[in-house]
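Trainee: Supplied structure: protein-v7.tsv, TSV, C-alpha atoms.
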chain	number	residue	atom	x	y	z
A	1	MET	CA	-22.55	18.83	-16.30
A	2	HIS	CA	-20.62	15.58	-15.94
A	3	THR	CA	-22.40	12.36	-15.09
A	4	TYR	CA	-20.54	9.46	-13.51
A	5	ILE	CA	-20.87	5.83	-12.47
A	6	ALA	CA	-19.45	4.91	-9.07
A	7	ASP	CA	-16.42	2.58	-9.05
A	8	ALA	CA	-16.48	0.78	-5.70
A	9	ASP	CA	-19.13	-1.90	-5.22
A	10	SER	CA	-20.49	-0.22	-2.08
A	11	ASP	CA	-20.79	3.14	-3.87
A	12	PHE	CA	-22.33	1.60	-7.00
A	13	ARG	CA	-24.89	-0.21	-4.88
A	14	LYS	CA	-25.93	3.05	-3.19
A	15	GLN	CA	-25.94	4.96	-6.48
A	16	LEU	CA	-28.19	2.44	-8.21
A	17	ALA	CA	-30.60	2.35	-5.27
A	18	LYS	CA	-30.76	6.15	-5.17
A	19	PHE	CA	-31.43	6.44	-8.90
A	20	CYS	CA	-34.24	3.89	-8.81
A	21	GLU	CA	-35.77	5.54	-5.75
A	22	LYS	CA	-35.68	9.09	-7.13
A	23	TYR	CA	-36.43	8.45	-10.82
A	24	PRO	CA	-40.24	8.35	-10.42
A	25	GLU	CA	-40.10	12.05	-9.41
A	26	TYR	CA	-38.64	12.93	-12.82
A	27	LYS	CA	-40.18	10.29	-15.10
A	28	ASP	CA	-42.68	12.74	-16.61
A	29	VAL	CA	-39.83	15.10	-17.55
A	30	LEU	CA	-37.23	12.61	-18.77
A	31	LYS	CA	-39.68	10.05	-20.21
A	32	ILE	CA	-37.16	7.22	-20.48
A	33	ASP	CA	-38.52	4.04	-22.09
A	34	THR	CA	-40.41	2.14	-19.40
A	35	ASP	CA	-38.98	-1.23	-20.49
A	36	ILE	CA	-35.40	-0.22	-19.72
A	37	ILE	CA	-36.47	1.40	-16.43
A	38	ASP	CA	-38.26	-1.82	-15.47
A	39	LYS	CA	-35.09	-3.79	-16.24
A	40	LEU	CA	-33.04	-1.35	-14.17
A	41	ASN	CA	-35.41	-1.69	-11.21
A	42	ALA	CA	-35.14	-5.48	-11.46
A	43	ALA	CA	-31.35	-5.20	-11.58
A	44	ASN	CA	-31.41	-2.95	-8.53
A	45	LEU	CA	-33.30	-5.56	-6.50
A	46	MET	CA	-30.75	-8.19	-7.46
A	47	VAL	CA	-27.78	-5.92	-6.77
A	48	GLN	CA	-29.03	-5.07	-3.27
A	49	PHE	CA	-29.72	-8.75	-2.57
A	50	ILE	CA	-26.51	-10.26	-3.97
A	51	PHE	CA	-24.20	-7.55	-2.65
A	52	ASN	CA	-25.71	-7.99	0.81
A	53	GLN	CA	-25.24	-11.76	0.56
A	54	GLN	CA	-21.60	-11.23	-0.40
A	55	ASP	CA	-21.08	-9.05	2.69
A	56	ASP	CA	-22.49	-11.85	4.84
A	57	LEU	CA	-20.32	-14.45	3.11
A	58	ILE	CA	-17.19	-12.38	3.70
A	59	THR	CA	-18.02	-12.19	7.41
A	60	VAL	CA	-18.74	-15.92	7.56
A	61	GLY	CA	-15.60	-16.67	5.54
A	62	LYS	CA	-13.41	-14.83	8.02
A	63	ALA	CA	-14.98	-16.70	10.92
A	64	PHE	CA	-14.61	-20.03	9.09
A	65	THR	CA	-10.96	-19.32	8.27
A	66	SER	CA	-10.23	-18.49	11.91
A	67	TYR	CA	-11.89	-21.77	12.92
A	68	LYS	CA	-9.80	-23.67	10.38
A	69	ASN	CA	-6.59	-22.02	11.60
A	70	LEU	CA	-7.44	-22.84	15.18
A	71	LEU	CA	-8.11	-26.44	14.16
A	72	ARG	CA	-4.79	-26.77	12.37
A	73	SER	CA	-2.35	-24.81	14.52
A	74	GLY	CA	-4.06	-23.65	17.69
A	75	ASN	CA	-2.43	-24.13	21.08
A	76	SER	CA	-2.85	-27.55	22.62
A	77	ASP	CA	-5.02	-26.11	25.39
A	78	ASP	CA	-7.37	-24.35	22.95
A	79	VAL	CA	-10.84	-25.84	22.62
A	80	LEU	CA	-12.76	-25.84	19.36
A	81	GLY	CA	-16.26	-24.49	19.65
A	82	LYS	CA	-19.25	-25.44	17.55
A	83	PHE	CA	-18.99	-25.40	13.78
A	84	PRO	CA	-19.28	-21.87	12.33
A	85	VAL	CA	-22.79	-21.10	11.12
A	86	LEU	CA	-22.92	-20.93	7.32
A	87	SER	CA	-25.04	-18.38	5.49
A	88	ALA	CA	-28.35	-19.45	4.00
A	89	TYR	CA	-30.37	-17.64	1.36
A	90	PRO	CA	-33.45	-15.84	2.70
A	91	THR	CA	-36.76	-17.45	1.90
A	92	VAL	CA	-37.85	-14.47	-0.21
A	93	GLN	CA	-35.54	-13.78	-3.12
A	94	PRO	CA	-35.81	-11.29	-5.97
A	95	PRO	CA	-36.50	-12.57	-9.48
A	96	LEU	CA	-33.48	-13.08	-11.72
A	97	CYS	CA	-32.55	-10.23	-14.03
A	98	ASP	CA	-30.26	-9.57	-16.97
A	99	ALA	CA	-26.53	-9.49	-16.33
A	100	ASN	CA	-24.46	-6.26	-16.41
A	101	ALA	CA	-26.40	-3.94	-14.11
A	102	GLU	CA	-23.66	-1.33	-14.52
A	103	GLY	CA	-24.00	-1.36	-18.29
A	104	LEU	CA	-27.75	-0.98	-17.91
A	105	LEU	CA	-27.34	2.00	-15.58
A	106	ARG	CA	-24.90	3.58	-18.02
A	107	ALA	CA	-27.45	3.19	-20.82
A	108	VAL	CA	-30.17	4.79	-18.72
A	109	VAL	CA	-27.90	7.67	-17.69
A	110	GLN	CA	-27.01	8.28	-21.34
A	111	ALA	CA	-30.70	8.23	-22.23
A	112	CYS	CA	-31.33	10.85	-19.54
A	113	VAL	CA	-28.58	13.07	-20.94
A	114	SER	CA	-29.88	12.61	-24.50
A	115	THR	CA	-33.29	14.04	-23.55
A	116	LYS	CA	-31.51	17.37	-22.97
A	117	LYS	CA	-33.94	17.91	-20.10
A	118	LEU	CA	-31.64	16.61	-17.37
A	119	THR	CA	-30.57	19.54	-15.21
A	120	ASN	CA	-27.61	19.62	-12.87
A	121	ASP	CA	-29.90	19.60	-9.82
A	122	MET	CA	-31.83	16.63	-11.19
A	123	GLY	CA	-28.57	14.77	-11.81
A	124	ILE	CA	-27.46	15.39	-8.23
A	125	ALA	CA	-30.82	14.22	-6.88
A	126	LEU	CA	-30.64	11.06	-8.99
A	127	GLY	CA	-27.09	10.41	-7.79
A	128	ILE	CA	-25.49	10.51	-11.25
A	129	VAL	CA	-23.90	13.98	-10.94
A	130	LYS	CA	-21.54	14.87	-8.11
A	131	ALA	CA	-22.47	17.89	-6.07
A	132	THR	CA	-19.70	20.45	-6.24
A	133	GLN	CA	-18.53	22.35	-3.20
A	134	PRO	CA	-18.95	26.12	-3.39
A	135	ALA	CA	-15.74	27.95	-4.20
A	136	THR	CA	-13.86	29.15	-1.15
A	137	ASP	CA	-13.92	32.91	-0.68
A	138	LEU	CA	-10.19	33.52	-0.29
A	139	THR	CA	-10.76	37.19	0.54
A	140	ALA	CA	-12.48	36.26	3.80
A	141	GLY	CA	-9.74	34.20	5.43
A	142	THR	CA	-8.04	35.22	8.67
A	143	PRO	CA	-4.81	33.36	9.45
A	144	ILE	CA	-4.40	31.93	12.94
A	145	LEU	CA	-0.77	32.42	13.92
A	146	THR	CA	1.00	30.61	16.75
A	147	ALA	CA	4.59	30.80	17.96
A	148	LYS	CA	6.82	28.63	20.11
A	149	TYR	CA	10.53	28.04	20.68
A	150	VAL	CA	12.77	25.60	18.85
A	151	THR	CA	16.26	24.40	19.75
A	152	GLY	CA	18.51	27.40	20.22
A	153	GLY	CA	15.71	29.67	21.39
A	154	HIS	CA	14.57	30.83	17.96
A	155	PRO	CA	10.84	31.42	17.37
A	156	LEU	CA	8.91	28.88	15.28
A	157	LEU	CA	5.84	30.40	13.63
A	158	ASN	CA	3.01	28.22	12.40
A	159	CYS	CA	-0.15	28.84	10.41
A	160	MET	CA	-2.33	26.57	8.27
A	161	ILE	CA	-2.13	27.58	4.60
A	162	GLY	CA	-5.11	25.77	3.04
A	163	ASP	CA	-5.90	27.10	-0.44
A	164	TYR	CA	-3.48	30.01	-0.15
A	165	GLU	CA	0.04	30.09	-1.58
A	166	GLY	CA	1.61	31.01	1.74
A	167	TYR	CA	1.74	33.93	4.14
A	168	GLU	CA	3.63	37.19	4.49
A	169	ILE	CA	5.37	37.81	7.82
A	170	TRP	CA	5.70	41.26	9.39
A	171	LYS	CA	7.85	41.71	12.49
A	172	ASP	CA	8.20	44.33	15.20
A	173	THR	CA	11.19	44.28	17.57
A	174	GLY	CA	10.21	47.56	19.21
A	175	LYS	CA	10.57	49.99	16.31
A	176	GLY	CA	7.34	49.27	14.44
A	177	TYR	CA	6.28	46.59	12.00
A	178	VAL	CA	8.38	45.97	8.91
A	179	PHE	CA	8.13	43.32	6.23
A	180	PHE	CA	10.23	40.33	7.29
A	181	ASN	CA	9.72	37.30	5.03
A	182	VAL	CA	7.31	35.07	3.10
A	183	SER	CA	6.64	31.42	3.97
A	184	SER	CA	5.19	28.93	1.51
A	185	SER	CA	4.91	26.22	4.17
A	186	PRO	CA	2.89	26.20	7.42
A	187	SER	CA	5.98	26.43	9.66
A	188	PHE	CA	8.66	29.11	9.58
A	189	ILE	CA	11.72	29.51	11.87
A	190	ASP	CA	12.93	33.04	12.51
A	191	LYS	CA	16.70	32.58	12.46
A	192	SER	CA	17.48	36.21	13.17
A	193	PRO	CA	20.41	36.75	15.57
A	194	LEU	CA	19.25	36.55	19.17
A	195	PRO	CA	20.02	39.32	21.68
A	196	ALA	CA	23.31	39.34	23.55
A	197	PHE	CA	23.69	36.94	26.47
A	198	GLY	CA	21.51	37.95	29.40
A	199	ILE	CA	19.37	40.33	27.33
A	200	SER	CA	15.67	39.70	26.61
A	201	GLU	CA	13.58	41.18	23.82
A	202	ILE	CA	9.93	40.89	22.81
A	203	TRP	CA	9.42	40.10	19.14
A	204	ASN	CA	5.95	40.68	17.74
A	205	TYR	CA	4.62	39.09	14.58
A	206	LYS	CA	1.56	39.44	12.39
A	207	ILE	CA	0.91	37.73	9.06
A	208	ILE	CA	-1.38	37.96	6.07
A	209	TYR	CA	-2.10	35.34	3.43
A	210	ARG	CA	-0.71	35.52	-0.09
A	211	TYR	CA	-2.37	34.38	-3.32
A	212	LYS	CA	-1.13	34.94	-6.87
A	213	ASN	CA	1.88	36.70	-5.41
A	214	GLU	CA	-0.17	39.34	-3.61
A	215	GLN	CA	-1.55	39.97	-0.13
A	216	ILE	CA	-5.09	38.71	0.37
A	217	ALA	CA	-7.72	38.43	3.12
A	218	ASN	CA	-7.28	39.67	6.69
A	219	TRP	CA	-4.36	40.25	9.00
A	220	SER	CA	-3.82	37.79	11.82
A	221	GLU	CA	-3.84	38.82	15.43
A	222	VAL	CA	-0.45	39.86	16.79
A	223	VAL	CA	1.57	37.10	18.41
A	224	SER	CA	4.36	38.03	20.82
A	225	ILE	CA	7.26	35.90	22.02
A	226	THR	CA	10.16	36.73	24.35
A	227	VAL	CA	13.59	35.81	23.07
A	228	LYS	CA	16.69	35.65	25.25
A	229	GLY	CA	20.35	35.72	24.50
A	230	SER	CA	22.30	32.57	25.30
A	231	ILE	CA	25.91	31.45	25.19
Represent the structure of the file as structure tokens.
Mentor:
Amino acid sequence: MHTYIADADSDFRKQLAKFCEKYPEYKDVLKIDTDIIDKLNAANLMVQFIFNQQDDLITVGKAFTSYKNLLRSGNSDDVLGKFPVLSAYPTVQPPLCDANAEGLLRAVVQACVSTKKLTNDMGIALGIVKATQPATDLTAGTPILTAKYVTGGHPLLNCMIGDYEGYEIWKDTGKGYVFFNVSSSPSFIDKSPLPAFGISEIWNYKIIYRYKNEQIANWSEVVSITVKGSI
């Protein structure tokens, strides 16, 4: 289990709010010192307030800068509107708290880990452990194969690879399917010689994914394309 502290201001703000909201559900298990939790709650109130004020100031700052630019170098027929409205602090403000809210959260997270009672699910709920995505079942994949023409009339095969290493191509020109090639990229051009001028042939393809140098998962549906000889 790996705990983390969010980097970006917007993510840190959400993380701190989530921890403070969810902690009461686990306080009887983790039993972190109430003084430090009280300080963290106070820091959370200030973080939400100040970060929100900064967002407002950025918006106002952009509007004020545009007004200034218009004043200095706007077209002669431009008309200045009213002065931009400056932000004002709300009447109700949170009490001041100690500096370094991030350091305080780090200390609380470490205290949670030190109890040895913090489970992975608890960490996810508190927002201090990232939820991991379930591993992809590579044996269940079915490639979706498409084919079209490229310059010269050769077939261009395409299939998304995702977590696989590539796909194995089997080809049938009328005598049954035989192994043709392996592609490690989504697109593959069949550069086989085309039929003689005026002759048409149907080339059929099916593919299967490869992983660790072996076939894996399901066969694609057969894709057919008509190739013609040209001068």
Trainee: For region 40-56 of chain A, work out the shell of residues within 7 Å, counting all atoms listed in the file and skipping chain neighbours fewer than 3 positions away, then give it as a PyMOL selection string.
Mentor: chain A and resi 13+16-17+20+36-37+59-60+94+97+101+104-105
Trainee: Can you tell me, as a PyMOL selection string, what residues are no more than 10 Å from region 187-195 of chain A when counting all atoms listed in the file, ignoring any on the same chain fewer than 2 positions away?
Mentor: chain A and resi 145-150+152-161+169+180-185+197-201+227-230
Trainee: State, in Å with one decimal place, the distance from CA of Met1 (chain A) to CA of Leu138 (chain A).
Mentor: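 Result for CA of Met1 (chain A) versus CA of Leu138 (chain A): 25.0 Å, one decimal.
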Trainee: Could you tell me, as a tab-separated table (two decimals) with C-alpha atoms, keeping the file's coordinate frame, which residues have any atom at most 12 Å from (-24.2, 2.7, -18.9), counting only C-alpha atoms?
Mentor:
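Produced file result-v7.tsv, reproduced below:
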chain	number	residue	atom	x	y	z
A	3	THR	CA	-22.40	12.36	-15.09
A	4	TYR	CA	-20.54	9.46	-13.51
A	5	ILE	CA	-20.87	5.83	-12.47
A	6	ALA	CA	-19.45	4.91	-9.07
A	16	LEU	CA	-28.19	2.44	-8.21
A	36	ILE	CA	-35.40	-0.22	-19.72
A	40	LEU	CA	-33.04	-1.35	-14.17
A	100	ASN	CA	-24.46	-6.26	-16.41
A	101	ALA	CA	-26.40	-3.94	-14.11
A	102	GLU	CA	-23.66	-1.33	-14.52
A	103	GLY	CA	-24.00	-1.36	-18.29
A	104	LEU	CA	-27.75	-0.98	-17.91
A	105	LEU	CA	-27.34	2.00	-15.58
A	106	ARG	CA	-24.90	3.58	-18.02
A	107	ALA	CA	-27.45	3.19	-20.82
A	108	VAL	CA	-30.17	4.79	-18.72
A	109	VAL	CA	-27.90	7.67	-17.69
A	110	GLN	CA	-27.01	8.28	-21.34
A	111	ALA	CA	-30.70	8.23	-22.23
A	112	CYS	CA	-31.33	10.85	-19.54
A	113	VAL	CA	-28.58	13.07	-20.94
A	128	ILE	CA	-25.49	10.51	-11.25
Trainee: Just how far from CA of Lys22 (chain A) is CA of Asp121 (chain A), in Å to one decimal?
Mentor: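 Going from CA of Asp121 (chain A) over to CA of Lys22 (chain A), I get 12.3 Å.
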Trainee: Please report the interatomic distance between CA of Asp33 (chain A) and CA of Leu118 (chain A) in Å with one decimal.
Mentor: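 Going from CA of Asp33 (chain A) over to CA of Leu118 (chain A) covers 15.1 Å.
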